[in-house]
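Q: Pasting in a structure now, in structure tokens, and then I'll have a few things to ask.
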Amino acid sequence: MQSSQFSFSIDEFKQTIRDVLVQAKDGGATDCEAEVSQGFGQEVTVRQGEVETIEYHRDKGLGITVYFGEQRGHASTSDLRPQAVRDSVAAALSIAKHTASDEFSGLADEERLARDIIDLDLHHPWRLPVEQAIAQAKAIEAAAFAVDARIANSEGASISTHESLFVYGNSRGFLAGYPSSRHGMSCAVIAEDGGGMQRDYWYTTARDAAGLEMAEAVGRRGGERAVRRLGARKIDTMETPVIFEAPVASTLLGHFTAAVSGGGLYRKASFLLDSLGEQIFAPLVQIQELPHLAKGIASSPFDNEGVATCSRDVVKDGVVQGYFLSSYSARKLGMQTTGNAGGCHNLVVQSSGQDLAGLLKQMGRGLLVTELLGQGVNPVTGDYSRGAAGFWVEDGEIAYPVEEITIAGNLREMFQRIAAVGNDIEVRGARQCGSILLECMKVAGN
């Protein structure tokens, strides 16, 4: 059900788009597309048992793109009054007349546009009075402090709610939109003993507040993660098996998606050029894009160009089956759009069956990485070097925490060395995978 707190209805937004399309055509444009959106939300942060911030936000905006053949112009406005909309259309038309031609620009092909818009159950308002939000944030932080007396400080506990509504339309007959929501809880605390201080955090996010972890569970996990890092030490420089814990394992998936996305490919700024049909991962790796998951964090019936999304294999038995392309990047590459203008939609890595404890047993001896630091990844060569913290593992059990180390390798080799994928998936964003075990990486320490 659409929230009554939206300032504009979806029908009003559709009429705004229709008006824009007519005005652009009257101005001589051969094609036009526009998106109009609004959003509102609330965030409450508590620190040391006291309210630190209460934030409310409400915004709206209209983006207009017009084409004169292969010339493109864009303008935007946050003022949705009729005169402001007309002025923005005029600005886009003026810009288009003075831009260089680009043979690859233009709207998505008409036959690729979504016609049957699937309801993916993405809108779940959370009517959370600020007093209740404060009480829940305090409960999160209190649960973290209750874990251990060595938890000495807090960076705060937060509760956030957000709703949005958008409509996209173009001159090829597409006009659709939908409301959505996203809510979250988080907590970050600092543990301290004679050996120093350690910080860690936990958070949960969902379309529907009923899908969030319990407030006390968020605080407890944040507290436990901070305390278990006390007494961290360096380890010797070596080559060893490495497990990326689920919350950081998704970053490996992020490096892959960036490398096989249109911009990097047509600019030849990717270490995975011409990788379609190539064995990039170990044969056990299966990756699917599932854009139609009900309540999915990155679910959508169509992409930012109105192209219909569909479920597909991205990697099968380690072999790359598809890229992530918009209409523009696809044309640059002589290919077809994959419905990924705006990004990927629920990229899911299939588990090989083990939970994290099972992965630790399989590894036997090695490094469990729970935090990554720095940005030492070269997207052109695939060279990988990042600061890390986590735990040393002996005989399949966590032995002690480690810090101030660097892990290094090359992403091509790392992908080939994946030995197992856990079932401990944390659903927090567009990329979803469990913990990942790599057969070997270089670890720099003492």
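FYI, nothing fancy with the structure tokens labels: chains A, B, ... in order, residues from 1 per chain, ligands from 1 as they appear.
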Applying 10 Å and only C-alpha atoms, which residues near segment 276-289 of chain A remain after dropping the ones on its own chain fewer than 3 positions away? List them as a PyMOL selection string.
A: chain A and resi 253+256+260+272-273+292-293+299+309-323+344-352+411-421+430-433
Q: Hey, what's within 12 Å of segment 96-106 of chain A if we count only C-alpha atoms and toss same-chain stuff fewer than 4 positions away? As a ChimeraX atom specification, please?
A: /A:24,27-33,64-75,89-92,110,170-172,266,305,326-335
Q: Smallest atom-to-atom distance to Trp126 of chain A: which of A:Gly184, A:Gly61, A:Pro291, A:Gly306, using only C-alpha atoms?
A: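 Between A:Gly184, A:Gly61, A:Pro291, A:Gly306, the residue approaching Trp126 of chain A most closely is A:Gly184.
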Q: Select, from A:Ala210, A:Ile243, A:Ala226, A:Ala249, the residue with the minimum atom-to-atom distance to Ala357 of chain A, counting only C-alpha atoms.
A: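 Result for the nearest residue to Ala357 of chain A: A:Ile243.
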Q: Between A:Leu373, A:Ala246, A:Ala388, A:Ala341, which residue has the minimum interatomic distance to Asn423 of chain A, considering only C-alpha atoms?
A: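 Closest residue, counting only C-alpha atoms: A:Ala246.
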Q: Between atom CA of Thr161 of chain A and atom CA of Ser9 of chain A, measure the distance and give it in Å to one decimal.
A: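 Atom-to-atom, atom CA of Thr161 of chain A to atom CA of Ser9 of chain A, that is 19.8 Å.
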Q: Mind listing the strand (DSSP E or B) residues of segment 96-341 of chain A, per DSSP on the backbone, as a ChimeraX atom specification?
A: /A:113,151-170,175-193,196-206,233,238-244,261,279,287-289,302,307-308,312-316,319-320,324
Q: Which is closer to Val20 of chain A than all the others in A:Arg58, A:Arg220, A:Arg365, A:Arg86, using only C-alpha atoms?
A: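 Smallest distance to Val20 of chain A is found for A:Arg86.
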Q: Neighbours of Val402 of chain A within 6 Å (only C-alpha atoms; same-chain residues fewer than 3 positions away dropped), as a PDB file with N, CA and C atoms, in the first residue's frame?
A:
ATOM      1  N   ALA A 232      44.865  -8.725  20.096  1.00  0.00           N
ATOM      2  CA  ALA A 232      45.321  -9.008  18.732  1.00  0.00           C
ATOM      3  C   ALA A 232      46.824  -8.831  18.601  1.00  0.00           C
ATOM      4  N   ARG A 233      47.417  -9.620  17.731  1.00  0.00           N
ATOM      5  CA  ARG A 233      48.867  -9.573  17.506  1.00  0.00           C
ATOM      6  C   ARG A 233      49.165  -9.743  16.025  1.00  0.00           C
ATOM      7  N   LYS A 234      50.397  -9.468  15.652  1.00  0.00           N
ATOM      8  CA  LYS A 234      50.835  -9.734  14.293  1.00  0.00           C
ATOM      9  C   LYS A 234      51.192 -11.205  14.138  1.00  0.00           C
ATOM     10  N   ALA A 389      42.522  -7.493   9.192  1.00  0.00           N
ATOM     11  CA  ALA A 389      42.500  -7.940  10.579  1.00  0.00           C
ATOM     12  C   ALA A 389      41.576  -9.142  10.649  1.00  0.00           C
ATOM     13  N   GLY A 390      41.763  -9.963  11.675  1.00  0.00           N
ATOM     14  CA  GLY A 390      40.926 -11.146  11.800  1.00  0.00           C
ATOM     15  C   GLY A 390      41.434 -12.083  12.867  1.00  0.00           C
ATOM     16  N   PHE A 391      41.546 -13.374  12.528  1.00  0.00           N
ATOM     17  CA  PHE A 391      41.902 -14.389  13.524  1.00  0.00           C
ATOM     18  C   PHE A 391      42.783 -15.461  12.899  1.00  0.00           C
TER      19      PHE A 391
END
Q: How many Å separate atom CA of Glu216 of chain A from atom CA of Glu52 of chain A?
A: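 Taking atom CA of Glu216 of chain A and atom CA of Glu52 of chain A, their separation equals 19.3 Å.
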Q: Neighbouring residues of Gly211 of chain A were defined as those with any atom within 12 Å, considering only C-alpha atoms; residues of the same chain fewer than 6 positions away were excluded. Please report them as a list of chain:residue names.
A: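 The neighbour list is A:His124, A:Trp126, A:Arg182, A:His183, A:Gly184, A:Met185, A:Thr204, A:Thr205, A:Lys295, A:Gly296, A:Ile297, A:Val427, A:Arg428.
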Q: Can you list, as a PyMOL selection string, every residue of segment 219-358 of chain A that DSSP puts in helix (DSSP H, G or I)?
A: chain A and resi 219-227+246-259+262-266+327-333+356-358
Q: When distances are computed from only C-alpha atoms, which of A:Lys268, A:Arg207, A:Lys442, A:Arg150 shows the smallest separation from Val227 of chain A?
A: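 Between A:Lys268, A:Arg207, A:Lys442, A:Arg150, the residue approaching Val227 of chain A most closely is A:Arg150.
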Q: Give me the residues near Pro379 of chain A as a PyMOL selection string, where near means some atom within 7 Å (using only C-alpha atoms) and where sequence neighbours in that chain fewer than 2 positions away do not count.
A: chain A and resi 259+269-271+377+381-382
Q: How about saving the chosen residues, C-alpha atoms kept, as a PDB file, in the first residue's frame?
A:
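In the end it all went to again-v2.pdb:
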ATOM      1  CA  ALA A 259      35.632  -5.922 -13.965  1.00  0.00           C
ATOM      2  CA  ALA A 269      40.336  -0.711 -18.028  1.00  0.00           C
ATOM      3  CA  SER A 270      39.588  -4.185 -16.696  1.00  0.00           C
ATOM      4  CA  PHE A 271      41.642  -7.284 -15.895  1.00  0.00           C
ATOM      5  CA  VAL A 377      43.144  -3.069  -5.794  1.00  0.00           C
ATOM      6  CA  THR A 381      45.813  -5.720 -13.666  1.00  0.00           C
ATOM      7  CA  GLY A 382      43.796  -7.387 -10.898  1.00  0.00           C
TER       8      GLY A 382
END
Q: Under the rule that only C-alpha atoms are counted, which of A:Ala144, A:Met214, A:Val46, A:Leu165 is the nearest residue to Gly177 of chain A?
A: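 Among the listed residues, A:Leu165 lies closest to Gly177 of chain A.
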